[in-house]
file coords-v9.cif (mmCIF, C-alpha atoms and all ligand atoms)
data_start
#
loop_
_atom_site.label_atom_id
_atom_site.label_comp_id
_atom_site.auth_asym_id
_atom_site.auth_seq_id
_atom_site.Cartn_x
_atom_site.Cartn_y
_atom_site.Cartn_z
CA MET J 1 -16.31 17.08 27.45
CA ILE J 2 -16.25 13.89 25.36
CA GLU J 3 -17.28 10.53 26.75
CA VAL J 4 -17.08 7.36 24.72
CA GLN J 5 -18.28 4.08 26.17
CA ARG J 6 -17.90 0.68 24.59
CA LEU J 7 -18.23 2.09 21.08
CA SER J 8 -18.15 -0.36 18.17
CA LYS J 9 -18.82 -0.04 14.46
CA PHE J 10 -19.32 -2.76 11.90
CA TYR J 11 -19.18 -2.22 8.16
CA GLY J 12 -21.11 -5.32 7.19
CA GLN J 13 -19.22 -8.17 8.82
CA ARG J 14 -16.10 -6.09 9.27
CA LYS J 15 -15.48 -4.57 12.68
CA ALA J 16 -13.81 -1.19 12.16
CA ILE J 17 -13.76 -0.16 15.82
CA ASP J 18 -14.08 -2.55 18.70
CA ASP J 19 -15.34 -1.57 22.14
CA LEU J 20 -13.63 1.83 22.47
CA THR J 21 -13.90 3.58 25.83
CA PHE J 22 -12.23 6.91 26.54
CA THR J 23 -12.88 10.44 27.73
CA VAL J 24 -11.47 13.82 26.78
CA GLU J 25 -11.39 16.63 29.33
CA LYS J 26 -12.26 20.22 28.58
CA GLY J 27 -9.41 22.16 26.99
CA GLU J 28 -7.32 19.08 26.19
CA ILE J 29 -5.71 18.30 22.84
CA LEU J 30 -5.98 14.55 22.46
CA GLY J 31 -3.84 12.89 19.82
CA PHE J 32 -5.67 10.01 18.20
CA LEU J 33 -2.81 7.98 16.86
CA GLY J 34 -2.88 4.85 14.79
CA PRO J 35 -1.75 3.37 11.48
CA ASN J 36 -3.98 3.59 8.40
CA GLY J 37 -7.12 1.52 8.81
CA ALA J 38 -6.95 1.64 12.62
CA GLY J 39 -10.42 3.19 12.91
CA LYS J 40 -9.64 6.87 13.51
CA THR J 41 -11.90 8.30 10.82
CA THR J 42 -14.71 5.92 11.77
CA THR J 43 -14.59 7.09 15.40
CA MET J 44 -14.52 10.73 14.36
CA LYS J 45 -17.49 10.30 12.03
CA ILE J 46 -19.48 8.84 14.91
CA LEU J 47 -18.51 11.67 17.27
CA THR J 48 -19.57 14.24 14.69
CA CYS J 49 -22.90 12.50 14.01
CA PHE J 50 -21.98 11.69 10.40
CA MET J 51 -22.56 8.04 11.03
CA PRO J 52 -24.22 6.00 13.77
CA ALA J 53 -22.31 3.49 15.87
CA SER J 54 -23.27 -0.18 15.86
CA ALA J 55 -23.02 -0.38 19.63
CA GLY J 56 -22.02 1.77 22.57
CA VAL J 57 -22.56 5.36 23.63
CA ALA J 58 -20.83 8.63 22.77
CA ARG J 59 -21.57 11.94 24.43
CA VAL J 60 -20.23 15.32 23.46
CA ALA J 61 -20.68 18.24 25.87
CA GLY J 62 -23.24 16.10 27.68
CA TYR J 63 -25.34 15.30 24.60
CA ASP J 64 -25.73 11.86 23.08
CA VAL J 65 -24.56 11.78 19.45
CA PHE J 66 -27.38 9.45 18.51
CA ASP J 67 -30.29 10.97 20.46
CA GLU J 68 -29.43 14.64 20.20
CA PRO J 69 -27.40 15.15 17.03
CA LEU J 70 -28.44 18.78 16.57
CA GLU J 71 -27.20 19.74 20.02
CA VAL J 72 -23.95 17.90 19.33
CA LYS J 73 -23.43 19.47 15.90
CA ARG J 74 -23.94 22.91 17.39
CA ARG J 75 -21.00 22.27 19.73
CA VAL J 76 -18.65 20.43 17.39
CA GLY J 77 -16.43 21.70 14.60
CA TYR J 78 -15.27 19.04 12.19
CA LEU J 79 -12.44 19.02 9.71
CA PRO J 80 -12.90 15.80 7.72
CA GLU J 81 -10.06 13.89 6.04
CA THR J 82 -10.97 15.59 2.78
CA PRO J 83 -11.74 19.22 3.68
CA PRO J 84 -15.12 20.37 2.40
CA VAL J 85 -13.82 23.48 0.67
CA TYR J 86 -15.16 24.62 -2.68
CA LYS J 87 -12.41 25.73 -5.01
CA ASP J 88 -14.55 28.08 -7.08
CA MET J 89 -15.71 30.12 -4.13
CA VAL J 90 -14.11 33.22 -2.66
CA VAL J 91 -12.78 32.54 0.85
CA ARG J 92 -15.13 34.92 2.60
CA ASP J 93 -18.21 33.77 0.67
CA TYR J 94 -17.35 30.19 1.45
CA MET J 95 -17.08 31.08 5.12
CA MET J 96 -20.46 32.88 5.02
CA TYR J 97 -21.88 29.71 3.51
CA ALA J 98 -20.29 27.61 6.30
CA ALA J 99 -21.77 30.00 8.88
CA ALA J 100 -25.21 29.69 7.24
CA LEU J 101 -24.97 25.90 7.52
CA HIS J 102 -24.68 26.48 11.25
CA GLY J 103 -27.77 28.66 11.21
CA MET J 104 -25.95 31.99 11.41
CA HIS J 105 -27.07 34.92 9.25
CA GLY J 106 -26.68 38.69 8.99
CA PRO J 107 -24.30 40.72 11.15
CA GLY J 108 -23.84 37.82 13.59
CA ALA J 109 -22.56 35.61 10.77
CA ARG J 110 -20.31 38.36 9.39
CA GLY J 111 -18.78 38.90 12.83
CA ALA J 112 -18.23 35.17 13.33
CA VAL J 113 -16.66 34.79 9.87
CA ASP J 114 -14.30 37.72 10.40
CA ALA J 115 -13.28 36.35 13.80
CA ALA J 116 -12.60 32.88 12.37
CA LEU J 117 -10.66 34.31 9.42
CA GLY J 118 -8.60 36.39 11.84
CA LYS J 119 -7.83 33.45 14.14
CA CYS J 120 -6.68 31.36 11.19
CA GLY J 121 -4.53 34.08 9.65
CA LEU J 122 -6.74 34.40 6.58
CA GLY J 123 -7.53 38.11 6.74
CA ASP J 124 -5.32 38.92 3.74
CA VAL J 125 -6.75 36.23 1.47
CA ARG J 126 -10.43 36.74 2.27
CA ASN J 127 -11.18 37.89 -1.29
CA ARG J 128 -9.16 35.20 -3.06
CA LEU J 129 -10.60 32.10 -4.70
CA VAL J 130 -10.16 29.04 -2.48
CA GLY J 131 -8.80 27.15 -5.52
CA ASN J 132 -5.96 29.64 -5.94
CA LEU J 133 -4.67 29.23 -2.39
CA SER J 134 -1.75 27.03 -1.40
CA LYS J 135 -2.62 23.72 0.22
CA GLY J 136 -1.59 25.08 3.63
CA PHE J 137 -3.94 28.04 3.28
CA ARG J 138 -6.72 25.81 2.02
CA GLN J 139 -6.29 23.74 5.14
CA ARG J 140 -6.56 26.93 7.18
CA VAL J 141 -9.86 27.60 5.46
CA GLY J 142 -10.89 24.08 6.51
CA LEU J 143 -9.99 24.94 10.09
CA ALA J 144 -11.77 28.29 9.87
CA GLN J 145 -15.03 26.61 8.76
CA ALA J 146 -14.64 24.20 11.69
CA ILE J 147 -14.42 27.02 14.26
CA VAL J 148 -16.83 29.53 12.72
CA HIS J 149 -19.67 28.69 15.14
CA ASN J 150 -17.23 28.80 18.07
CA PRO J 151 -17.72 25.14 19.02
CA ASP J 152 -16.62 23.69 22.35
CA VAL J 153 -15.10 20.69 20.59
CA LEU J 154 -12.95 20.42 17.49
CA ILE J 155 -12.50 17.14 15.68
CA LEU J 156 -9.69 17.25 13.16
CA ASP J 157 -9.00 14.25 10.94
CA GLU J 158 -5.35 14.16 9.86
CA PRO J 159 -5.17 17.96 9.59
CA THR J 160 -1.59 18.16 8.29
CA VAL J 161 -1.70 15.40 5.70
CA GLY J 162 -0.24 16.48 2.36
CA LEU J 163 1.28 19.72 3.61
CA ASP J 164 4.92 20.74 3.31
CA PRO J 165 7.07 20.98 6.46
CA LYS J 166 6.62 24.72 6.89
CA GLN J 167 2.86 24.49 6.45
CA ILE J 168 2.76 21.57 8.90
CA ILE J 169 4.42 23.67 11.60
CA GLU J 170 2.03 26.57 10.94
CA ILE J 171 -1.06 24.38 11.12
CA ARG J 172 0.21 22.70 14.30
CA GLU J 173 0.78 26.08 15.92
CA LEU J 174 -2.70 27.15 14.90
CA ILE J 175 -4.22 24.01 16.41
CA LYS J 176 -2.24 24.52 19.62
CA SER J 177 -3.60 28.04 19.85
CA PHE J 178 -7.10 26.53 19.96
CA ALA J 179 -6.34 24.54 23.13
CA GLY J 180 -8.01 25.73 26.30
CA GLU J 181 -10.77 27.52 24.46
CA HIS J 182 -11.70 24.41 22.50
CA THR J 183 -11.34 20.74 23.35
CA VAL J 184 -9.54 19.11 20.44
CA ILE J 185 -9.26 15.58 19.10
CA LEU J 186 -6.70 15.33 16.34
CA SER J 187 -6.06 12.13 14.43
CA THR J 188 -2.77 11.29 12.85
CA HIS J 189 -0.67 8.37 11.71
CA ILE J 190 2.45 10.54 12.00
CA LEU J 191 4.15 9.98 15.32
CA PRO J 192 5.99 13.29 15.82
CA GLU J 193 2.71 15.08 15.27
CA VAL J 194 1.31 14.06 18.65
CA GLN J 195 4.61 14.85 20.33
CA ALA J 196 4.51 18.34 18.86
CA THR J 197 0.87 19.11 19.45
CA CYS J 198 -0.94 16.96 21.97
CA SER J 199 -1.21 16.82 25.73
CA ARG J 200 -2.41 13.26 25.77
CA VAL J 201 -2.42 10.43 23.31
CA LEU J 202 -4.75 7.57 22.59
CA ILE J 203 -3.20 4.89 20.45
CA ILE J 204 -5.45 2.61 18.45
CA ASN J 205 -4.64 -0.33 16.29
CA GLU J 206 -7.05 -2.55 14.35
CA GLY J 207 -10.00 -0.85 16.01
CA LYS J 208 -8.80 -1.39 19.57
CA ILE J 209 -7.27 0.98 22.07
CA VAL J 210 -3.77 -0.16 22.87
CA ALA J 211 -2.83 2.72 25.17
CA THR J 212 -4.09 6.02 26.45
CA ASP J 213 -2.11 8.35 28.66
CA LYS J 214 0.23 11.27 28.74
CA LEU J 215 3.12 10.66 26.37
CA GLU J 216 5.71 10.47 29.12
CA ALA J 217 3.56 8.06 31.08
CA ILE J 218 3.23 5.75 28.11
CA SER J 219 6.97 5.58 27.61
CA ALA J 220 7.46 5.15 31.35
CA ARG J 221 5.00 2.29 31.42
CA LEU J 222 6.84 0.57 28.61
CA ARG J 223 10.20 0.82 30.27
CA LYS J 224 11.11 -2.46 31.75
CA GLY J 225 12.68 -0.88 34.85
CA ASN J 226 14.33 2.48 34.91
CA VAL J 227 17.41 2.79 32.78
CA PHE J 228 19.85 5.65 33.23
CA SER J 229 22.58 6.84 30.96
CA VAL J 230 25.78 8.19 32.54
CA ILE J 231 28.47 9.88 30.49
CA VAL J 232 31.86 10.62 32.09
CA ARG J 233 34.89 12.47 30.80
CA ASP J 234 37.65 9.99 31.63
CA GLU J 235 38.08 6.32 30.96
CA ALA J 236 37.76 4.98 34.49
CA SER J 237 38.17 1.23 34.76
CA ASP J 238 37.03 1.19 38.37
CA LEU J 239 33.80 3.14 37.82
CA ALA J 240 31.59 0.23 36.76
CA PRO J 241 32.32 -1.82 39.92
CA LYS J 242 31.64 1.27 42.04
CA LEU J 243 28.30 1.83 40.33
CA ARG J 244 27.36 -1.81 40.83
CA LYS J 245 27.83 -1.39 44.58
CA ILE J 246 25.15 1.33 44.84
CA ALA J 247 21.98 0.14 46.56
CA GLY J 248 19.18 -0.29 44.04
CA VAL J 249 21.47 -0.67 41.02
CA GLY J 250 20.83 -3.68 38.83
CA GLU J 251 22.99 -4.02 35.74
CA VAL J 252 25.79 -1.72 34.64
CA ALA J 253 26.91 -1.86 31.02
CA GLU J 254 29.99 -0.10 29.66
CA ASN J 255 29.11 1.30 26.24
CA GLY J 256 32.49 2.87 25.43
CA LYS J 257 33.05 6.22 23.70
CA PHE J 258 29.92 8.34 23.30
CA GLU J 259 29.40 12.03 22.56
CA GLY J 260 32.83 13.14 23.72
CA GLY J 261 32.98 10.90 26.78
CA ASN J 262 32.50 7.36 27.98
CA ARG J 263 29.03 6.03 28.44
CA TYR J 264 27.57 3.63 30.97
CA THR J 265 24.01 2.35 31.07
CA VAL J 266 22.72 1.60 34.51
CA SER J 267 19.43 -0.06 35.33
CA ALA J 268 17.63 0.28 38.63
CA SER J 269 16.79 -3.17 39.97
CA ASN J 270 13.36 -2.26 41.32
CA GLY J 271 12.45 0.84 39.41
CA GLU J 272 13.81 3.32 41.94
CA ASP J 273 15.15 6.70 41.00
CA ILE J 274 18.86 6.22 41.64
CA ARG J 275 20.08 9.40 39.97
CA SER J 276 21.35 11.20 43.04
CA ALA J 277 23.28 8.13 44.23
CA LEU J 278 24.73 7.70 40.73
CA ALA J 279 25.79 11.33 40.57
CA GLU J 280 27.42 11.20 43.97
CA THR J 281 29.40 8.07 43.15
CA VAL J 282 30.57 9.37 39.78
CA VAL J 283 31.62 12.75 41.19
CA LYS J 284 33.52 11.09 44.06
CA SER J 285 35.30 8.79 41.61
CA GLY J 286 36.81 11.83 39.89
CA ALA J 287 35.89 10.47 36.42
CA GLY J 288 34.22 13.79 35.53
CA LEU J 289 30.44 13.66 35.19
CA LEU J 290 29.35 15.06 31.83
CA GLU J 291 25.76 13.88 31.69
CA LEU J 292 23.25 11.84 33.64
CA ARG J 293 19.77 11.19 32.37
CA ARG J 294 16.89 8.80 32.46
CA GLU J 295 16.46 6.91 29.21
CA SER J 296 13.02 6.91 27.73
CA LEU J 297 11.65 5.39 24.58
CA SER J 298 11.00 7.65 21.65
CA LEU J 299 7.42 7.76 20.48
CA GLU J 300 8.40 5.66 17.47
CA GLU J 301 9.64 2.93 19.80
CA VAL J 302 6.54 3.21 21.96
CA PHE J 303 4.29 3.01 18.94
CA LEU J 304 6.06 -0.01 17.50
CA LYS J 305 5.89 -1.78 20.82
CA LEU J 306 2.23 -0.98 21.27
CA THR J 307 1.09 -1.87 17.79
CA THR J 308 2.88 -5.19 17.49
CA VAL J 309 0.63 -8.03 18.56
CA GLU J 310 3.16 -9.48 20.94
CA ASN J 311 3.25 -6.36 23.07
CA THR J 312 -0.38 -5.32 22.85
CA LYS J 313 -1.43 -7.42 25.81
CA GLY J 314 1.25 -6.07 28.11
CA ALA J 315 0.36 -2.49 27.32
CA GLN J 316 -3.27 -2.96 28.25
CA GLN J 317 -2.59 -4.29 31.70
N1 LIG W 401 -17.38 2.75 4.29
C1 LIG W 401 -16.66 1.68 4.64
N2 LIG W 401 -17.06 0.44 4.28
C2 LIG W 401 -16.35 -0.66 4.64
N3 LIG W 401 -15.23 -0.63 5.36
C3 LIG W 401 -14.77 0.56 5.75
C4 LIG W 401 -15.46 1.80 5.41
N4 LIG W 401 -14.77 2.84 5.93
C5 LIG W 401 -13.71 2.29 6.58
N5 LIG W 401 -13.71 0.94 6.47
C6 LIG W 401 -12.73 0.03 7.08
O1 LIG W 401 -12.75 0.23 8.48
C7 LIG W 401 -11.43 0.22 8.99
C8 LIG W 401 -11.14 1.52 9.71
O2 LIG W 401 -11.09 2.58 8.77
P1 LIG W 401 -10.86 4.10 9.14
O3 LIG W 401 -11.75 4.45 10.26
O4 LIG W 401 -10.98 4.90 7.89
O5 LIG W 401 -9.35 4.06 9.66
P2 LIG W 401 -8.27 5.24 9.78
O6 LIG W 401 -8.98 6.53 9.67
O7 LIG W 401 -7.63 4.99 11.10
O8 LIG W 401 -7.30 5.02 8.65
C9 LIG W 401 -10.51 -0.05 7.84
O9 LIG W 401 -10.23 -1.42 7.83
C10 LIG W 401 -11.33 0.33 6.63
O10 LIG W 401 -10.95 -0.42 5.53
MG MG W 402 -8.67 8.08 8.38
#
call {"tool": "encode", "arguments": {"input": "coords-v9.cif", "output": "structure tokens"}}
result
Amino acid sequence: MIEVQRLSKFYGQRKAIDDLTFTVEKGEILGFLGPNGAGKTTTMKILTCFMPASAGVARVAGYDVFDEPLEVKRRVGYLPETPPVYKDMVVRDYMMYAAALHGMHGPGARGAVDAALGKCGLGDVRNRLVGNLSKGFRQRVGLAQAIVHNPDVLILDEPTVGLDPKQIIEIRELIKSFAGEHTVILSTHILPEVQATCSRVLIINEGKIVATDKLEAISARLRKGNVFSVIVRDEASDLAPKLRKIAGVGEVAENGKFEGGNRYTVSASNGEDIRSALAETVVKSGAGLLELRRESLSLEEVFLKLTTVENTKGAQQ
């Protein structure tokens, strides 16, 4: 649905994005994650035909953003960083205006506006002034204007910025409800946001892609070898030697008391899944298995690893 090839953008001498290549499949919600200044807004402005690229190609629904901007705009809904909502307009009038910008008039426009208002939970505030709405509801109006022409693709630039926690959850749920029907790219510098909303994540830093994959795959890739956490009920001095004897086990560390038991961290020497062997050994030892799980990095840890220069190279391999 979205294809980006070797896309770069210079602002004067300054390179804001550098040779980006990625694709987004139909129905996906892609999280576009990166710290401030990473190049998220720049990329989104290019994809929505607000600004030309300096080099490279971007296609949306098969149309080139540079050669066929009208075709692209017809298929893309855009919620910019600063939502284009007019405070002195009534919600429904504003939506009719947004529909007119997309070339819709008359009963067709009214139907589209009512559908968008309904999807965004704005039916009850349709006759209120935009300026009198809460920030969360104003953001819903921003989303409603982005979907009014029923676009295939939605491009949302930091859609939850400045909202309170309850509003954030509501907006995230709303965005999730768009998946499948619309292909969504959502930018954020907030890590839990992609965990809560997105099926896949593309991490950029200083204009370059540092990783793109499913979240679990990114943390798996960053793991140096599989690490497993084992928690047992009893203090069992002979358990660590027994674990070390299992084929495929590398190091075993005794971490002491942890969450009502005793914790051991076990690494697999060549990345094998050793869980069933671990479980069997622990159960046989009679130490009382309370928990066995594979350790994975939190998104915060992944992000820090990926956006520090030292680790950038490793992540791209
Ligand atoms: N209009 C502009 N003129 C010059 N530099 C810009 C302009 N817009 C953005 N930049 C620079 O380009 C880089 C990427 O910015 P941006 O795409 O807004 O990042 P993000 O949205 O990830 O915070 C930043 O270093 C920013 O300072
Ligand atoms: Mg931005």
call {"tool": "atom_distance", "arguments": {"input": "coords-v9.cif", "atom1": "atom CA of Leu243 of chain J", "atom2": "atom CA of Leu290 of chain J"}}
result
15.8 Å
call {"tool": "residues_near_ligand", "arguments": {"input": "coords-v9.cif", "ligand": "ligand LIG 401 (chain W)", "cutoff": "9 Å", "atoms": "only C-alpha atoms and all ligand atoms", "output": "MDAnalysis selection string"}}
result
chainID J and resid 9:12 14:17 32:45 81 157:158 187:189 204:207
call {"tool": "write_last_selection", "arguments": {"input": "coords-v9.cif", "atoms": "C-alpha atoms", "output": "PDB file, in the frame of the given file"}}
result
ATOM      1  CA  LYS J   9     -18.820  -0.040  14.460  1.00  0.00           C
ATOM      2  CA  PHE J  10     -19.320  -2.760  11.900  1.00  0.00           C
ATOM      3  CA  TYR J  11     -19.180  -2.220   8.160  1.00  0.00           C
ATOM      4  CA  GLY J  12     -21.110  -5.320   7.190  1.00  0.00           C
ATOM      5  CA  ARG J  14     -16.100  -6.090   9.270  1.00  0.00           C
ATOM      6  CA  LYS J  15     -15.480  -4.570  12.680  1.00  0.00           C
ATOM      7  CA  ALA J  16     -13.810  -1.190  12.160  1.00  0.00           C
ATOM      8  CA  ILE J  17     -13.760  -0.160  15.820  1.00  0.00           C
ATOM      9  CA  PHE J  32      -5.670  10.010  18.200  1.00  0.00           C
ATOM     10  CA  LEU J  33      -2.810   7.980  16.860  1.00  0.00           C
ATOM     11  CA  GLY J  34      -2.880   4.850  14.790  1.00  0.00           C
ATOM     12  CA  PRO J  35      -1.750   3.370  11.480  1.00  0.00           C
ATOM     13  CA  ASN J  36      -3.980   3.590   8.400  1.00  0.00           C
ATOM     14  CA  GLY J  37      -7.120   1.520   8.810  1.00  0.00           C
ATOM     15  CA  ALA J  38      -6.950   1.640  12.620  1.00  0.00           C
ATOM     16  CA  GLY J  39     -10.420   3.190  12.910  1.00  0.00           C
ATOM     17  CA  LYS J  40      -9.640   6.870  13.510  1.00  0.00           C
ATOM     18  CA  THR J  41     -11.900   8.300  10.820  1.00  0.00           C
ATOM     19  CA  THR J  42     -14.710   5.920  11.770  1.00  0.00           C
ATOM     20  CA  THR J  43     -14.590   7.090  15.400  1.00  0.00           C
ATOM     21  CA  MET J  44     -14.520  10.730  14.360  1.00  0.00           C
ATOM     22  CA  LYS J  45     -17.490  10.300  12.030  1.00  0.00           C
ATOM     23  CA  GLU J  81     -10.060  13.890   6.040  1.00  0.00           C
ATOM     24  CA  ASP J 157      -9.000  14.250  10.940  1.00  0.00           C
ATOM     25  CA  GLU J 158      -5.350  14.160   9.860  1.00  0.00           C
ATOM     26  CA  SER J 187      -6.060  12.130  14.430  1.00  0.00           C
ATOM     27  CA  THR J 188      -2.770  11.290  12.850  1.00  0.00           C
ATOM     28  CA  HIS J 189      -0.670   8.370  11.710  1.00  0.00           C
ATOM     29  CA  ILE J 204      -5.450   2.610  18.450  1.00  0.00           C
ATOM     30  CA  ASN J 205      -4.640  -0.330  16.290  1.00  0.00           C
ATOM     31  CA  GLU J 206      -7.050  -2.550  14.350  1.00  0.00           C
ATOM     32  CA  GLY J 207     -10.000  -0.850  16.010  1.00  0.00           C
TER      33      GLY J 207
END
call {"tool": "residues_around", "arguments": {"input": "coords-v9.cif", "residues": "Phe178 of chain J", "least_positions_apart": "3", "cutoff": "12 Å", "atoms": "only C-alpha atoms", "output": "number ranges by chain"}}
result
J: 26-29, 77, 116, 119-120, 143-144, 146-147, 150-156, 171-175, 181-186, 197-198
call {"tool": "atom_distance", "arguments": {"input": "coords-v9.cif", "atom1": "atom CA of Phe50 of chain J", "atom2": "atom CA of Tyr63 of chain J"}}
result
15.0 Å
call {"tool": "atom_distance", "arguments": {"input": "coords-v9.cif", "atom1": "atom CA of Val230 of chain J", "atom2": "atom CA of Leu289 of chain J"}}
result
7.7 Å
call {"tool": "closest_residue", "arguments": {"input": "coords-v9.cif", "among": "J:Ile190, J:Leu278, J:Arg92, J:Arg75", "to": "ligand MG 402 (chain W)", "atoms": "all atoms listed in the file"}}
result
J:Ile190
call {"tool": "closest_residue", "arguments": {"input": "coords-v9.cif", "among": "J:Pro69, J:Val249, J:Val161, J:Ser177", "to": "ligand MG 402 (chain W)", "atoms": "all atoms listed in the file"}}
result
J:Val161
call {"tool": "residues_around", "arguments": {"input": "coords-v9.cif", "residues": "Thr265 of chain J", "least_positions_apart": "3", "cutoff": "7 Å", "atoms": "all atoms listed in the file", "output": "PDB file with C-alpha atoms, in the frame of the given file"}}
result
ATOM      1  CA  VAL J 227      17.410   2.790  32.780  1.00  0.00           C
ATOM      2  CA  PHE J 228      19.850   5.650  33.230  1.00  0.00           C
ATOM      3  CA  SER J 229      22.580   6.840  30.960  1.00  0.00           C
ATOM      4  CA  VAL J 230      25.780   8.190  32.540  1.00  0.00           C
ATOM      5  CA  VAL J 252      25.790  -1.720  34.640  1.00  0.00           C
ATOM      6  CA  ALA J 253      26.910  -1.860  31.020  1.00  0.00           C
ATOM      7  CA  GLU J 254      29.990  -0.100  29.660  1.00  0.00           C
TER       8      GLU J 254
END
call {"tool": "closest_residue", "arguments": {"input": "coords-v9.cif", "among": "J:Leu79, J:Val60, J:Leu239, J:Ile2", "to": "ligand MG 402 (chain W)", "atoms": "only C-alpha atoms and all ligand atoms"}}
result
J:Leu79
call {"tool": "residues_around", "arguments": {"input": "coords-v9.cif", "residues": "Ser237 of chain J", "least_positions_apart": "5", "cutoff": "12 Å", "atoms": "all atoms listed in the file", "output": "compact mmCIF listing (two decimals) with C-alpha atoms, keeping the file's coordinate frame"}}
result
# COMPACT_ATOMS: atom_id res chain seq x y z
CA VAL J 232 31.86 10.62 32.09
CA LYS J 242 31.64 1.27 42.04
CA LEU J 243 28.30 1.83 40.33
CA GLU J 254 29.99 -0.10 29.66
CA GLY J 256 32.49 2.87 25.43
CA ASN J 262 32.50 7.36 27.98
CA TYR J 264 27.57 3.63 30.97
CA SER J 285 35.30 8.79 41.61
CA GLY J 286 36.81 11.83 39.89
CA ALA J 287 35.89 10.47 36.42
call {"tool": "residues_around", "arguments": {"input": "coords-v9.cif", "residues": "segment 100-112 of chain J", "least_positions_apart": "6", "cutoff": "9 Å", "atoms": "all atoms listed in the file", "output": "list of chain:residue names"}}
result
J:Lys73, J:Arg74, J:Val148, J:His149, J:Asn150
call {"tool": "write_last_selection", "arguments": {"input": "coords-v9.cif", "atoms": "C-alpha atoms", "output": "mmCIF file, in the frame of the given file"}}
result
data_model
loop_
_atom_site.group_PDB
_atom_site.id
_atom_site.type_symbol
_atom_site.label_atom_id
_atom_site.label_comp_id
_atom_site.auth_asym_id
_atom_site.auth_seq_id
_atom_site.Cartn_x
_atom_site.Cartn_y
_atom_site.Cartn_z
ATOM 1 C CA LYS J 73 -23.430 19.470 15.900
ATOM 2 C CA ARG J 74 -23.940 22.910 17.390
ATOM 3 C CA VAL J 148 -16.830 29.530 12.720
ATOM 4 C CA HIS J 149 -19.670 28.690 15.140
ATOM 5 C CA ASN J 150 -17.230 28.800 18.070
#
call {"tool": "closest_atom_pairs", "arguments": {"input": "coords-v9.cif", "of": "segment 134-249 of chain J", "to": "segment 299-304 of chain J", "cutoff": "12 Å", "atoms": "all atoms listed in the file", "output": "tab-separated table"}}
result
residue	atom	partner	partner_atom	distance
J:His189	CA	J:Phe303	CA	10.3
J:Ile190	CA	J:Glu300	CA	9.4
J:Leu191	CA	J:Glu300	CA	6.4
J:Pro192	CA	J:Leu299	CA	7.4
J:Glu193	CA	J:Leu299	CA	10.1
J:Val194	CA	J:Leu299	CA	9.0
J:Gln195	CA	J:Leu299	CA	7.6
J:Ala196	CA	J:Leu299	CA	11.1
J:Val201	CA	J:Leu299	CA	10.6
J:Leu202	CA	J:Phe303	CA	10.8
J:Ile203	CA	J:Phe303	CA	7.9
J:Ile204	CA	J:Phe303	CA	9.8
J:Asn205	CA	J:Phe303	CA	9.9
J:Val210	CA	J:Phe303	CA	9.5
J:Ala211	CA	J:Phe303	CA	9.5
J:Thr212	CA	J:Phe303	CA	11.6
J:Lys214	CA	J:Leu299	CA	11.5
J:Leu215	CA	J:Leu299	CA	7.8
J:Glu216	CA	J:Leu299	CA	9.2
J:Ala217	CA	J:Val302	CA	10.8
J:Ile218	CA	J:Val302	CA	7.4
J:Ser219	CA	J:Val302	CA	6.1
J:Ala220	CA	J:Val302	CA	9.6
J:Arg221	CA	J:Val302	CA	9.6
J:Leu222	CA	J:Val302	CA	7.2
J:Arg223	CA	J:Val302	CA	9.4
call {"tool": "residues_around", "arguments": {"input": "coords-v9.cif", "residues": "Gln5 of chain J", "least_positions_apart": "2", "cutoff": "9 Å", "atoms": "all atoms listed in the file", "output": "list in words"}}
result
Glu3, Leu7, Asp19, Leu20, Thr21, Phe22, Thr23, Gly56, Val57, Ala58 and Arg59 of chain J
call {"tool": "write_last_selection", "arguments": {"input": "coords-v9.cif", "atoms": "C-alpha atoms", "output": "CSV table (one decimal), keeping the file's coordinate frame"}}
result
chain,number,residue,atom,x,y,z
J,3,GLU,CA,-17.3,10.5,26.8
J,7,LEU,CA,-18.2,2.1,21.1
J,19,ASP,CA,-15.3,-1.6,22.1
J,20,LEU,CA,-13.6,1.8,22.5
J,21,THR,CA,-13.9,3.6,25.8
J,22,PHE,CA,-12.2,6.9,26.5
J,23,THR,CA,-12.9,10.4,27.7
J,56,GLY,CA,-22.0,1.8,22.6
J,57,VAL,CA,-22.6,5.4,23.6
J,58,ALA,CA,-20.8,8.6,22.8
J,59,ARG,CA,-21.6,11.9,24.4
call {"tool": "closest_residue", "arguments": {"input": "coords-v9.cif", "among": "J:Val125, J:Pro159, J:Leu133, J:Gln139", "to": "ligand MG 402 (chain W)", "atoms": "all atoms listed in the file"}}
result
J:Pro159
call {"tool": "closest_residue", "arguments": {"input": "coords-v9.cif", "among": "J:Pro52, J:Gly123, J:Pro80, J:Gly118", "to": "ligand MG 402 (chain W)", "atoms": "all atoms listed in the file"}}
result
J:Pro80
call {"tool": "closest_residue", "arguments": {"input": "coords-v9.cif", "among": "J:Ala179, J:Lys245, J:Lys87, J:Thr82", "to": "ligand MG 402 (chain W)", "atoms": "all atoms listed in the file"}}
result
J:Thr82
